[in-house]
>>> print(open('entry.pdb').read())   # PDB, C-alpha atoms and all ligand atoms
ATOM      1  CA  MET I   1      16.384  16.648  15.472  1.00  0.00           C
ATOM      2  CA  PRO I   2      12.670  15.968  14.928  1.00  0.00           C
ATOM      3  CA  LEU I   3      11.686  12.483  13.825  1.00  0.00           C
ATOM      4  CA  VAL I   4      10.807  12.561  10.132  1.00  0.00           C
ATOM      5  CA  ILE I   5       7.709  10.548   9.196  1.00  0.00           C
ATOM      6  CA  ALA I   6       6.939   9.848   5.515  1.00  0.00           C
ATOM      7  CA  LEU I   7       3.225   9.444   4.831  1.00  0.00           C
ATOM      8  CA  ASN I   8       1.502   7.827   1.831  1.00  0.00           C
ATOM      9  CA  ARG I   9      -0.833  10.512   0.432  1.00  0.00           C
ATOM     10  CA  GLY I  10      -4.460   9.686  -0.397  1.00  0.00           C
ATOM     11  CA  ARG I  11      -6.680   7.221   1.436  1.00  0.00           C
ATOM     12  CA  ILE I  12      -3.975   5.980   3.795  1.00  0.00           C
ATOM     13  CA  LEU I  13      -3.179   9.546   4.854  1.00  0.00           C
ATOM     14  CA  ALA I  14      -6.820  10.254   5.700  1.00  0.00           C
ATOM     15  CA  GLU I  15      -6.974   7.156   7.888  1.00  0.00           C
ATOM     16  CA  CYS I  16      -3.594   7.503   9.560  1.00  0.00           C
ATOM     17  CA  LEU I  17      -3.835  11.188  10.597  1.00  0.00           C
ATOM     18  CA  PRO I  18      -6.412  10.539  13.370  1.00  0.00           C
ATOM     19  CA  MET I  19      -4.254   7.672  14.580  1.00  0.00           C
ATOM     20  CA  LEU I  20      -1.150   9.868  14.695  1.00  0.00           C
ATOM     21  CA  ALA I  21      -3.219  12.509  16.528  1.00  0.00           C
ATOM     22  CA  GLN I  22      -4.042   9.912  19.186  1.00  0.00           C
ATOM     23  CA  ALA I  23      -0.317   9.405  19.568  1.00  0.00           C
ATOM     24  CA  GLY I  24       0.073  13.191  20.080  1.00  0.00           C
ATOM     25  CA  ILE I  25       1.348  13.953  16.577  1.00  0.00           C
ATOM     26  CA  GLU I  26      -0.640  16.597  14.719  1.00  0.00           C
ATOM     27  CA  PRO I  27       0.488  18.721  11.751  1.00  0.00           C
ATOM     28  CA  ASP I  28       0.700  22.449  12.521  1.00  0.00           C
ATOM     29  CA  GLU I  29      -1.940  23.131   9.837  1.00  0.00           C
ATOM     30  CA  ASP I  30      -4.682  21.304   7.937  1.00  0.00           C
ATOM     31  CA  VAL I  31      -2.852  19.123   5.394  1.00  0.00           C
ATOM     32  CA  ASN I  32      -5.912  19.045   3.134  1.00  0.00           C
ATOM     33  CA  ALA I  33      -6.146  22.826   2.946  1.00  0.00           C
ATOM     34  CA  SER I  34      -2.518  23.295   1.944  1.00  0.00           C
ATOM     35  CA  ARG I  35      -0.338  22.556  -1.072  1.00  0.00           C
ATOM     36  CA  LYS I  36       2.625  22.150   1.267  1.00  0.00           C
ATOM     37  CA  LEU I  37       4.129  18.670   1.544  1.00  0.00           C
ATOM     38  CA  ILE I  38       6.240  19.070   4.690  1.00  0.00           C
ATOM     39  CA  PHE I  39       4.524  19.875   7.978  1.00  0.00           C
ATOM     40  CA  PRO I  40       6.146  20.320  11.390  1.00  0.00           C
ATOM     41  CA  SER I  41       4.077  18.767  14.164  1.00  0.00           C
ATOM     42  CA  ARG I  42       2.466  21.141  16.655  1.00  0.00           C
ATOM     43  CA  ARG I  43       4.985  20.226  19.338  1.00  0.00           C
ATOM     44  CA  ASP I  44       7.797  20.409  16.758  1.00  0.00           C
ATOM     45  CA  GLU I  45       9.063  16.956  17.732  1.00  0.00           C
ATOM     46  CA  HIS I  46       8.126  15.447  14.387  1.00  0.00           C
ATOM     47  CA  ARG I  47       8.118  16.416  10.746  1.00  0.00           C
ATOM     48  CA  LEU I  48       5.402  14.923   8.538  1.00  0.00           C
ATOM     49  CA  VAL I  49       6.264  14.552   4.858  1.00  0.00           C
ATOM     50  CA  ILE I  50       3.517  13.633   2.379  1.00  0.00           C
ATOM     51  CA  MET I  51       4.442  11.728  -0.773  1.00  0.00           C
ATOM     52  CA  ARG I  52       3.408   9.017  -3.209  1.00  0.00           C
ATOM     53  CA  GLY I  53       3.297   5.593  -1.611  1.00  0.00           C
ATOM     54  CA  ALA I  54       5.952   4.126  -3.906  1.00  0.00           C
ATOM     55  CA  ASP I  55       8.446   6.734  -2.660  1.00  0.00           C
ATOM     56  CA  VAL I  56       7.937   6.037   1.052  1.00  0.00           C
ATOM     57  CA  PRO I  57      10.235   2.929   1.184  1.00  0.00           C
ATOM     58  CA  THR I  58      12.890   4.868  -0.775  1.00  0.00           C
ATOM     59  CA  TYR I  59      12.953   7.791   1.690  1.00  0.00           C
ATOM     60  CA  VAL I  60      13.010   5.411   4.655  1.00  0.00           C
ATOM     61  CA  THR I  61      15.706   3.168   3.141  1.00  0.00           C
ATOM     62  CA  HIS I  62      17.931   6.216   2.607  1.00  0.00           C
ATOM     63  CA  GLY I  63      17.275   7.443   6.135  1.00  0.00           C
ATOM     64  CA  THR I  64      15.880  10.763   4.871  1.00  0.00           C
ATOM     65  CA  ALA I  65      12.763   9.721   6.748  1.00  0.00           C
ATOM     66  CA  ASP I  66      13.118   7.776  10.008  1.00  0.00           C
ATOM     67  CA  ILE I  67       9.645   6.279   9.755  1.00  0.00           C
ATOM     68  CA  GLY I  68       7.177   5.598   6.954  1.00  0.00           C
ATOM     69  CA  ILE I  69       3.505   4.691   6.813  1.00  0.00           C
ATOM     70  CA  VAL I  70       2.642   2.882   3.611  1.00  0.00           C
ATOM     71  CA  GLY I  71       0.458   0.123   2.170  1.00  0.00           C
ATOM     72  CA  LYS I  72       1.713  -3.460   2.276  1.00  0.00           C
ATOM     73  CA  ASP I  73       1.054  -3.568  -1.504  1.00  0.00           C
ATOM     74  CA  THR I  74       3.818  -1.003  -1.964  1.00  0.00           C
ATOM     75  CA  LEU I  75       6.176  -2.964   0.286  1.00  0.00           C
ATOM     76  CA  LEU I  76       5.475  -6.198  -1.613  1.00  0.00           C
ATOM     77  CA  GLU I  77       6.334  -4.447  -4.869  1.00  0.00           C
ATOM     78  CA  ALA I  78       9.334  -2.443  -3.587  1.00  0.00           C
ATOM     79  CA  PRO I  79      12.793  -3.764  -4.443  1.00  0.00           C
ATOM     80  CA  PRO I  80      13.990  -6.017  -1.637  1.00  0.00           C
ATOM     81  CA  THR I  81      16.311  -4.010   0.576  1.00  0.00           C
ATOM     82  CA  ALA I  82      17.610  -4.396   4.052  1.00  0.00           C
ATOM     83  CA  GLY I  83      17.034  -0.670   4.611  1.00  0.00           C
ATOM     84  CA  TYR I  84      14.048  -0.788   6.937  1.00  0.00           C
ATOM     85  CA  TYR I  85      12.170  -2.864   9.461  1.00  0.00           C
ATOM     86  CA  GLU I  86       8.420  -3.421   9.153  1.00  0.00           C
ATOM     87  CA  ARG I  87       7.346  -2.812  12.748  1.00  0.00           C
ATOM     88  CA  LEU I  88       3.569  -2.419  12.995  1.00  0.00           C
ATOM     89  CA  ASP I  89       0.387  -3.358  11.158  1.00  0.00           C
ATOM     90  CA  LEU I  90      -1.802  -0.274  11.591  1.00  0.00           C
ATOM     91  CA  ASN I  91      -4.944  -2.198  10.627  1.00  0.00           C
ATOM     92  CA  ILE I  92      -6.082   0.618   8.300  1.00  0.00           C
ATOM     93  CA  GLY I  93      -6.086   0.997   4.502  1.00  0.00           C
ATOM     94  CA  HIS I  94      -7.560  -2.440   4.002  1.00  0.00           C
ATOM     95  CA  CYS I  95      -7.829  -3.701   0.432  1.00  0.00           C
ATOM     96  CA  ARG I  96      -6.765  -6.689  -1.662  1.00  0.00           C
ATOM     97  CA  ILE I  97      -4.510  -7.337  -4.618  1.00  0.00           C
ATOM     98  CA  VAL I  98      -6.552  -9.468  -7.013  1.00  0.00           C
ATOM     99  CA  THR I  99      -6.679 -10.808 -10.525  1.00  0.00           C
ATOM    100  CA  ALA I 100      -9.668  -9.506 -12.472  1.00  0.00           C
ATOM    101  CA  LEU I 101     -11.050 -10.474 -15.863  1.00  0.00           C
ATOM    102  CA  PRO I 102     -13.934  -9.400 -18.101  1.00  0.00           C
ATOM    103  CA  ARG I 103     -17.290 -10.344 -16.567  1.00  0.00           C
ATOM    104  CA  ASP I 104     -18.015 -12.715 -19.464  1.00  0.00           C
ATOM    105  CA  ALA I 105     -14.537 -14.322 -19.595  1.00  0.00           C
ATOM    106  CA  ALA I 106     -14.462 -17.939 -20.832  1.00  0.00           C
ATOM    107  CA  PRO I 107     -13.423 -20.686 -18.371  1.00  0.00           C
ATOM    108  CA  GLU I 108     -10.035 -21.056 -20.134  1.00  0.00           C
ATOM    109  CA  ARG I 109      -9.336 -17.396 -19.476  1.00  0.00           C
ATOM    110  CA  LEU I 110     -10.205 -17.924 -15.809  1.00  0.00           C
ATOM    111  CA  ALA I 111      -7.509 -20.616 -15.864  1.00  0.00           C
ATOM    112  CA  TYR I 112      -5.174 -17.927 -17.283  1.00  0.00           C
ATOM    113  CA  GLN I 113      -4.911 -19.581 -20.682  1.00  0.00           C
ATOM    114  CA  PRO I 114      -4.472 -17.380 -23.763  1.00  0.00           C
ATOM    115  CA  ALA I 115      -7.221 -17.106 -26.389  1.00  0.00           C
ATOM    116  CA  HIS I 116      -4.832 -17.701 -29.311  1.00  0.00           C
ATOM    117  CA  ASN I 117      -1.228 -18.663 -29.780  1.00  0.00           C
ATOM    118  CA  GLY I 118       0.948 -16.464 -27.655  1.00  0.00           C
ATOM    119  CA  ALA I 119       1.070 -15.655 -24.006  1.00  0.00           C
ATOM    120  CA  PHE I 120      -1.724 -14.811 -21.604  1.00  0.00           C
ATOM    121  CA  ARG I 121      -1.377 -11.046 -21.071  1.00  0.00           C
ATOM    122  CA  VAL I 122      -1.509  -9.461 -17.628  1.00  0.00           C
ATOM    123  CA  ALA I 123      -1.624  -5.664 -17.263  1.00  0.00           C
ATOM    124  CA  THR I 124      -0.524  -4.349 -13.901  1.00  0.00           C
ATOM    125  CA  LYS I 125       1.571  -1.963 -11.878  1.00  0.00           C
ATOM    126  CA  PHE I 126       2.311  -4.888  -9.522  1.00  0.00           C
ATOM    127  CA  VAL I 127       4.900  -6.465 -11.790  1.00  0.00           C
ATOM    128  CA  SER I 128       6.885  -8.327  -9.187  1.00  0.00           C
ATOM    129  CA  VAL I 129       3.815  -9.482  -7.197  1.00  0.00           C
ATOM    130  CA  SER I 130       2.238 -10.725 -10.444  1.00  0.00           C
ATOM    131  CA  ARG I 131       5.365 -12.555 -11.588  1.00  0.00           C
ATOM    132  CA  GLY I 132       5.511 -14.352  -8.237  1.00  0.00           C
ATOM    133  CA  PHE I 133       1.805 -15.243  -8.305  1.00  0.00           C
ATOM    134  CA  PHE I 134       1.799 -16.709 -11.819  1.00  0.00           C
ATOM    135  CA  ALA I 135       5.142 -18.482 -11.284  1.00  0.00           C
ATOM    136  CA  ARG I 136       3.700 -20.203  -8.176  1.00  0.00           C
ATOM    137  CA  LYS I 137       0.760 -21.326 -10.315  1.00  0.00           C
ATOM    138  CA  GLY I 138       3.136 -22.581 -13.020  1.00  0.00           C
ATOM    139  CA  ARG I 139       1.530 -20.251 -15.577  1.00  0.00           C
ATOM    140  CA  GLN I 140       3.636 -18.507 -18.174  1.00  0.00           C
ATOM    141  CA  VAL I 141       2.272 -15.039 -18.717  1.00  0.00           C
ATOM    142  CA  SER I 142       3.354 -11.865 -20.409  1.00  0.00           C
ATOM    143  CA  ILE I 143       3.334  -8.961 -17.957  1.00  0.00           C
ATOM    144  CA  ILE I 144       2.410  -5.560 -19.376  1.00  0.00           C
ATOM    145  CA  PRO I 145       3.530  -2.851 -16.949  1.00  0.00           C
ATOM    146  CA  LEU I 146       1.137   0.093 -16.531  1.00  0.00           C
ATOM    147  CA  ALA I 147       1.263   3.070 -14.178  1.00  0.00           C
ATOM    148  CA  GLY I 148      -2.481   3.106 -13.347  1.00  0.00           C
ATOM    149  CA  THR I 149      -6.053   2.764 -14.618  1.00  0.00           C
ATOM    150  CA  MET I 150      -5.414  -0.898 -15.380  1.00  0.00           C
ATOM    151  CA  GLU I 151      -9.178  -1.481 -15.567  1.00  0.00           C
ATOM    152  CA  ILE I 152      -9.376  -0.286 -19.178  1.00  0.00           C
ATOM    153  CA  ALA I 153      -6.689  -2.671 -20.465  1.00  0.00           C
ATOM    154  CA  PRO I 154      -8.943  -5.740 -21.104  1.00  0.00           C
ATOM    155  CA  THR I 155     -11.683  -3.625 -22.756  1.00  0.00           C
ATOM    156  CA  LEU I 156      -9.136  -2.111 -25.121  1.00  0.00           C
ATOM    157  CA  ASN I 157      -7.646  -5.577 -25.721  1.00  0.00           C
ATOM    158  CA  LEU I 158      -4.243  -4.674 -24.331  1.00  0.00           C
ATOM    159  CA  ALA I 159      -4.499  -7.524 -21.806  1.00  0.00           C
ATOM    160  CA  ASP I 160      -6.519 -10.629 -20.919  1.00  0.00           C
ATOM    161  CA  CYS I 161      -6.417  -9.957 -17.195  1.00  0.00           C
ATOM    162  CA  ILE I 162      -5.339  -7.286 -14.730  1.00  0.00           C
ATOM    163  CA  VAL I 163      -3.730  -7.467 -11.318  1.00  0.00           C
ATOM    164  CA  ASP I 164      -4.829  -4.505  -9.226  1.00  0.00           C
ATOM    165  CA  ILE I 165      -5.991  -3.235  -5.880  1.00  0.00           C
ATOM    166  CA  VAL I 166      -9.652  -3.720  -4.998  1.00  0.00           C
ATOM    167  CA  ASP I 167     -11.436  -2.045  -2.135  1.00  0.00           C
ATOM    168  CA  THR I 168     -15.185  -1.709  -2.734  1.00  0.00           C
ATOM    169  CA  GLY I 169     -15.061  -3.402  -6.162  1.00  0.00           C
ATOM    170  CA  ASN I 170     -16.899  -0.438  -7.736  1.00  0.00           C
ATOM    171  CA  THR I 171     -14.107   0.394 -10.209  1.00  0.00           C
ATOM    172  CA  LEU I 172     -13.970  -3.185 -11.512  1.00  0.00           C
ATOM    173  CA  LYS I 173     -17.741  -3.338 -11.860  1.00  0.00           C
ATOM    174  CA  ALA I 174     -17.942   0.021 -13.646  1.00  0.00           C
ATOM    175  CA  ASN I 175     -15.427  -1.256 -16.196  1.00  0.00           C
ATOM    176  CA  GLY I 176     -17.061  -4.606 -16.926  1.00  0.00           C
ATOM    177  CA  LEU I 177     -14.583  -6.686 -14.914  1.00  0.00           C
ATOM    178  CA  ARG I 178     -14.986  -9.149 -12.085  1.00  0.00           C
ATOM    179  CA  GLU I 179     -12.644 -10.126  -9.330  1.00  0.00           C
ATOM    180  CA  HIS I 180     -11.249 -13.625  -9.793  1.00  0.00           C
ATOM    181  CA  GLU I 181      -8.533 -14.590  -7.291  1.00  0.00           C
ATOM    182  CA  THR I 182      -7.080 -12.836  -4.267  1.00  0.00           C
ATOM    183  CA  ILE I 183      -3.297 -12.592  -4.336  1.00  0.00           C
ATOM    184  CA  ALA I 184      -2.769 -10.707  -1.055  1.00  0.00           C
ATOM    185  CA  HIS I 185      -4.721  -9.018   1.732  1.00  0.00           C
ATOM    186  CA  ILE I 186      -3.328  -5.550   2.287  1.00  0.00           C
ATOM    187  CA  SER I 187      -3.207  -3.086   5.173  1.00  0.00           C
ATOM    188  CA  SER I 188      -0.994  -0.122   6.059  1.00  0.00           C
ATOM    189  CA  ARG I 189       2.315  -0.762   7.794  1.00  0.00           C
ATOM    190  CA  LEU I 190       4.771   1.309   9.795  1.00  0.00           C
ATOM    191  CA  ILE I 191       8.358   0.922   8.647  1.00  0.00           C
ATOM    192  CA  VAL I 192      11.498   2.210  10.371  1.00  0.00           C
ATOM    193  CA  ASN I 193      14.919   2.977   8.940  1.00  0.00           C
ATOM    194  CA  ARG I 194      17.451   0.495  10.339  1.00  0.00           C
ATOM    195  CA  ALA I 195      20.008   3.064  11.476  1.00  0.00           C
ATOM    196  CA  SER I 196      17.306   5.308  13.042  1.00  0.00           C
ATOM    197  CA  MET I 197      16.106   2.269  14.998  1.00  0.00           C
ATOM    198  CA  ARG I 198      19.496   2.267  16.762  1.00  0.00           C
ATOM    199  CA  THR I 199      20.196   6.001  17.023  1.00  0.00           C
ATOM    200  CA  LYS I 200      16.651   7.119  17.968  1.00  0.00           C
ATOM    201  CA  PHE I 201      15.599   3.932  19.720  1.00  0.00           C
ATOM    202  CA  ASP I 202      13.714   5.479  22.668  1.00  0.00           C
ATOM    203  CA  GLU I 203      11.687   7.991  20.640  1.00  0.00           C
ATOM    204  CA  ILE I 204      10.791   5.420  18.001  1.00  0.00           C
ATOM    205  CA  GLU I 205       9.830   2.712  20.490  1.00  0.00           C
ATOM    206  CA  ALA I 206       7.686   5.252  22.386  1.00  0.00           C
ATOM    207  CA  LEU I 207       5.902   6.225  19.184  1.00  0.00           C
ATOM    208  CA  ILE I 208       5.349   2.603  18.173  1.00  0.00           C
ATOM    209  CA  SER I 209       3.842   1.723  21.534  1.00  0.00           C
ATOM    210  CA  GLN I 210       1.500   4.736  21.389  1.00  0.00           C
ATOM    211  CA  LEU I 211       0.403   3.761  17.898  1.00  0.00           C
ATOM    212  CA  ARG I 212       0.015   0.119  18.927  1.00  0.00           C
ATOM    213  CA  ALA I 213      -2.303   1.301  21.719  1.00  0.00           C
ATOM    214  CA  ALA I 214      -4.247   3.414  19.191  1.00  0.00           C
ATOM    215  CA  VAL I 215      -4.604   0.376  16.896  1.00  0.00           C
ATOM    216  CA  GLU I 216      -5.858  -1.679  19.834  1.00  0.00           C
ATOM    217  CA  ARG I 217      -8.375   1.005  20.904  1.00  0.00           C
ATOM    218  CA  ARG I 218      -9.753   1.117  17.358  1.00  0.00           C
ATOM    219  CA  ARG I 219      -9.989  -2.659  17.271  1.00  0.00           C
ATOM    220  CA  GLN I 220     -11.945  -2.647  20.551  1.00  0.00           C
ATOM    221  CA  ALA I 221     -14.197   0.173  19.337  1.00  0.00           C
ATOM    222  CA  ASP I 222     -14.933  -1.783  16.143  1.00  0.00           C
ATOM    223  CA  GLY I 223     -15.878  -4.808  18.219  1.00  0.00           C
ATOM    224  CA  GLY I 224     -12.771  -6.671  17.078  1.00  0.00           C
ATOM    225  CA  GLY I 225     -11.583  -7.104  20.651  1.00  0.00           C
ATOM    226  CA  LEU I 226     -14.542  -9.276  21.643  1.00  0.00           C
TER
HETATM  227  C1  LIG I 301      -7.130   1.937  -6.681  1.00  0.00           C
HETATM  228  C2  LIG I 301      -7.119   0.813  -7.688  1.00  0.00           C
HETATM  229  C3  LIG I 301      -8.476   0.898  -8.314  1.00  0.00           C
HETATM  230  C4  LIG I 301      -9.338   1.456  -7.192  1.00  0.00           C
HETATM  231  C5  LIG I 301     -10.146   0.346  -6.580  1.00  0.00           C
HETATM  232  O1  LIG I 301      -6.781   3.114  -7.305  1.00  0.00           O
HETATM  233  O2  LIG I 301      -6.064   0.964  -8.631  1.00  0.00           O
HETATM  234  O3  LIG I 301      -8.508   1.742  -9.433  1.00  0.00           O
HETATM  235  O4  LIG I 301      -8.460   1.996  -6.196  1.00  0.00           O
HETATM  236  O5  LIG I 301     -11.028   0.837  -5.591  1.00  0.00           O
HETATM  237  P1  LIG I 301     -12.524   0.283  -5.495  1.00  0.00           P
HETATM  238  O6  LIG I 301     -12.464  -1.213  -5.483  1.00  0.00           O
HETATM  239  O7  LIG I 301     -13.032   0.844  -4.192  1.00  0.00           O
HETATM  240  O8  LIG I 301     -13.284   0.821  -6.670  1.00  0.00           O
HETATM  241  P2  LIG I 301      -6.501   4.425  -6.478  1.00  0.00           P
HETATM  242  O9  LIG I 301      -7.737   5.231  -6.342  1.00  0.00           O
HETATM  243  O10 LIG I 301      -5.830   4.083  -5.164  1.00  0.00           O
HETATM  244  O11 LIG I 301      -5.510   5.234  -7.396  1.00  0.00           O
HETATM  245  P3  LIG I 301      -4.235   4.745  -8.226  1.00  0.00           P
HETATM  246  O12 LIG I 301      -4.736   4.556  -9.627  1.00  0.00           O
HETATM  247  O13 LIG I 301      -3.288   5.898  -8.090  1.00  0.00           O
HETATM  248  O14 LIG I 301      -3.694   3.489  -7.649  1.00  0.00           O
END
>>> encode(input="entry.pdb", output="structure tokens", more="lines below")
Ligand code: PRP
Amino acid sequence: MPLVIALNRGRILAECLPMLAQAGIEPDEDVNASRKLIFPSRRDEHRLVIMRGADVPTYVTHGTADIGIVGKDTLLEAPPTAGYYERLDLNIGHCRIVTALPRDAAPERLAYQPAHNGAFRVATKFVSVSRGFFARKGRQVSIIPLAGTMEIAPTLNLADCIVDIVDTGNTLKANGLREHETIAHISSRLIVNRASMRTKFDEIEALISQLRAAVERRRQADGGGL
């Protein structure tokens, strides 16, 4: 049975494919030129399945995929389960989860205090991460769950603040927001189904050590090994 690897589509996919190739795993066709979502590897020892990041932990927890590559932001937000091990930081897909407010926000807003009576409103898709962050600060906030494009919520007066992913900061800037506090530094992680870790131990350990070597080579090439 080929090892099934669930991959987070989008930016993480673009960065992790060359790394998988270094570990000898290449899809049998160009994933970007196809609408297919399941690709056998060239040597047919692996099956690459491309999906939304939020679904990667679900497939791995259920054992439908043996391995997943997904952002730490998704893992922080996923329901806590004992279904997988987080085995490797791939050192790609770097970004941050931050709070962001309108560029001209008053100092009280930067202290997460509401403008009027009522709660300070936080729009986000990172509901659980946000709850944890504001609870640690002792701030009572009202979380407004959104599926995406959080950046418009303060402009449209749906929220006082957003909690979102920032990479270059261009999206915040283009929408009149500024980054305020960093909640978590994010990178992509390799997760392994618990049962697969026992039943396919040798194959999985071999793959992890090849990927670890690829991570190390990249680090050296970037000057990080000096
Ligand atoms: C993320 C995030 C921001 C954007 C930030 O969205 O939600 O919108 O990237 O990137 P920047 O700081 O480089 O501008 P993404 O494109 O991943 O899509 P999503 O809305 O599906 O999360």
>>> residues_near_ligand(input="entry.pdb", ligand="ligand LIG 301 (chain I)", cutoff="9 Å", atoms="all atoms listed in the file", output="list of chain:residue names")
I:Gly10, I:Arg11, I:Arg52, I:Cys95, I:Arg96, I:Lys125, I:Ala147, I:Gly148, I:Thr149, I:Met150, I:Glu151, I:Asp164, I:Ile165, I:Val166, I:Asp167, I:Thr168, I:Gly169, I:Asn170, I:Thr171, I:Leu172, I:Lys173, I:Ala174
>>> residues_near_point(input="entry.pdb", point="(16.6, 8.7, 9.3)", cutoff="6 Å", atoms="all atoms listed in the file", output="list in words")
Gly63, Thr64, Ala65, Asp66, Asn193 and Ser196 of chain I
>>> atom_distance(input="entry.pdb", atom1="atom CA of I:Ile186", atom2="atom CA of I:Met51")
19.2 Å
>>> residues_around(input="entry.pdb", residues="I:Ile152", least_positions_apart="2", cutoff="10 Å", atoms="all atoms listed in the file", output="PyMOL selection string")
chain I and resi 123+148-150+154-159+162+172+175-177
>>> closest_atom_pairs(input="entry.pdb", of="stretch 118-219 of chain I", to="stretch 23-46 of chain I", cutoff="12 Å", atoms="all atoms listed in the file", output="CSV")
residue,atom,partner,partner_atom,distance
I:Glu203,CA,I:Glu45,CA,9.8
I:Ile204,CA,I:His46,CA,11.0
I:Ala206,CA,I:Ala23,CA,9.4
I:Leu207,CA,I:Ala23,CA,7.0
I:Ile208,CA,I:Ala23,CA,9.0
I:Ser209,CA,I:Ala23,CA,9.0
I:Gln210,CA,I:Ala23,CA,5.3
I:Leu211,CA,I:Ala23,CA,5.9
I:Arg212,CA,I:Ala23,CA,9.3
I:Ala213,CA,I:Ala23,CA,8.6
I:Ala214,CA,I:Ala23,CA,7.2
I:Val215,CA,I:Ala23,CA,10.3
I:Arg217,CA,I:Ala23,CA,11.7
>>> residues_around(input="entry.pdb", residues="stretch 139-141 of chain I", least_positions_apart="4", cutoff="7 Å", atoms="all atoms listed in the file", output="JSON, numbers by chain")
{"I": [119, 120, 121, 122, 134, 135]}
>>> write_last_selection(input="entry.pdb", atoms="C-alpha atoms", output="mmCIF file, in the frame of the given file")
data_model
loop_
_atom_site.group_PDB
_atom_site.id
_atom_site.type_symbol
_atom_site.label_atom_id
_atom_site.label_comp_id
_atom_site.auth_asym_id
_atom_site.auth_seq_id
_atom_site.Cartn_x
_atom_site.Cartn_y
_atom_site.Cartn_z
ATOM 1 C CA ALA I 119 1.070 -15.655 -24.006
ATOM 2 C CA PHE I 120 -1.724 -14.811 -21.604
ATOM 3 C CA ARG I 121 -1.377 -11.046 -21.071
ATOM 4 C CA VAL I 122 -1.509 -9.461 -17.628
ATOM 5 C CA PHE I 134 1.799 -16.709 -11.819
ATOM 6 C CA ALA I 135 5.142 -18.482 -11.284
#
>>> residues_around(input="entry.pdb", residues="I:Ser128", least_positions_apart="4", cutoff="9 Å", atoms="only C-alpha atoms", output="list in words")
Leu76, Glu77, Ala78, Pro79, Gly132 and Phe133 of chain I
>>> atom_distance(input="entry.pdb", atom1="atom CA of I:Arg189", atom2="atom CA of I:Glu86")
6.8 Å
>>> closest_residue(input="entry.pdb", among="I:Leu13, I:Ile5, I:Val163, I:Leu190", to="I:Ala100", atoms="all atoms listed in the file")
I:Val163
>>> atom_distance(input="entry.pdb", atom1="atom CA of I:Leu75", atom2="atom CA of I:Thr58")
10.4 Å
>>> residues_around(input="entry.pdb", residues="I:Val192", least_positions_apart="6", cutoff="8 Å", atoms="only C-alpha atoms", output="ChimeraX atom specification")
/I:60,66-68,84-87
>>> residues_around(input="entry.pdb", residues="I:Glu15", least_positions_apart="3", cutoff="10 Å", atoms="only C-alpha atoms", output="list in words")
Gly10, Arg11, Ile12, Pro18, Met19, Leu20, Leu90, Asn91, Ile92, Gly93 and Ser188 of chain I
>>> axis_aligned_box(input="entry.pdb", around="stretch 76-88 of chain I", padding_each_side="5 Å", output="AutoDock Vina command-line options")
--center_x 10.6 --center_y -3.4 --center_z 4.1 --size_x 24.0 --size_y 15.5 --size_z 27.9
>>> resolve_selection(input="entry.pdb", expression="the PyMOL selection byres (((chain I and resi 110) around 12) and not hetatm)", output="JSON, numbers by chain")
{"I": [99, 100, 101, 102, 103, 104, 105, 106, 107, 108, 109, 111, 112, 113, 114, 115, 120, 139, 160, 161, 162, 178, 179, 180, 181]}
>>> build_atoms(input="entry.pdb", residues="stretch 61-69 of chain I", atoms="N, CA, C and O atoms", output="PDB file, keeping the file's coordinate frame")
ATOM      1  N   THR I  61      14.476   3.934   3.372  1.00  0.00           N
ATOM      2  CA  THR I  61      15.706   3.168   3.141  1.00  0.00           C
ATOM      3  C   THR I  61      16.930   4.082   3.202  1.00  0.00           C
ATOM      4  O   THR I  61      17.951   3.732   3.792  1.00  0.00           O
ATOM      5  N   HIS I  62      16.798   5.285   2.621  1.00  0.00           N
ATOM      6  CA  HIS I  62      17.931   6.216   2.607  1.00  0.00           C
ATOM      7  C   HIS I  62      18.102   6.949   3.934  1.00  0.00           C
ATOM      8  O   HIS I  62      19.059   7.709   4.096  1.00  0.00           O
ATOM      9  N   GLY I  63      17.157   6.787   4.840  1.00  0.00           N
ATOM     10  CA  GLY I  63      17.275   7.443   6.135  1.00  0.00           C
ATOM     11  C   GLY I  63      16.887   8.915   6.091  1.00  0.00           C
ATOM     12  O   GLY I  63      17.024   9.625   7.086  1.00  0.00           O
ATOM     13  N   THR I  64      16.361   9.376   4.963  1.00  0.00           N
ATOM     14  CA  THR I  64      15.880  10.763   4.871  1.00  0.00           C
ATOM     15  C   THR I  64      14.625  10.897   5.735  1.00  0.00           C
ATOM     16  O   THR I  64      14.370  11.946   6.312  1.00  0.00           O
ATOM     17  N   ALA I  65      13.863   9.819   5.784  1.00  0.00           N
ATOM     18  CA  ALA I  65      12.763   9.721   6.748  1.00  0.00           C
ATOM     19  C   ALA I  65      13.137   8.596   7.722  1.00  0.00           C
ATOM     20  O   ALA I  65      13.700   7.582   7.317  1.00  0.00           O
ATOM     21  N   ASP I  66      12.842   8.825   9.010  1.00  0.00           N
ATOM     22  CA  ASP I  66      13.118   7.776  10.008  1.00  0.00           C
ATOM     23  C   ASP I  66      12.045   6.702   9.951  1.00  0.00           C
ATOM     24  O   ASP I  66      12.316   5.519  10.181  1.00  0.00           O
ATOM     25  N   ILE I  67      10.822   7.159   9.670  1.00  0.00           N
ATOM     26  CA  ILE I  67       9.645   6.279   9.755  1.00  0.00           C
ATOM     27  C   ILE I  67       8.807   6.492   8.503  1.00  0.00           C
ATOM     28  O   ILE I  67       8.787   7.595   7.950  1.00  0.00           O
ATOM     29  N   GLY I  68       8.106   5.451   8.068  1.00  0.00           N
ATOM     30  CA  GLY I  68       7.177   5.598   6.954  1.00  0.00           C
ATOM     31  C   GLY I  68       5.882   4.875   7.267  1.00  0.00           C
ATOM     32  O   GLY I  68       5.882   3.871   7.999  1.00  0.00           O
ATOM     33  N   ILE I  69       4.791   5.397   6.730  1.00  0.00           N
ATOM     34  CA  ILE I  69       3.505   4.691   6.813  1.00  0.00           C
ATOM     35  C   ILE I  69       3.031   4.489   5.381  1.00  0.00           C
ATOM     36  O   ILE I  69       2.872   5.457   4.625  1.00  0.00           O
TER      37      ILE I  69
END
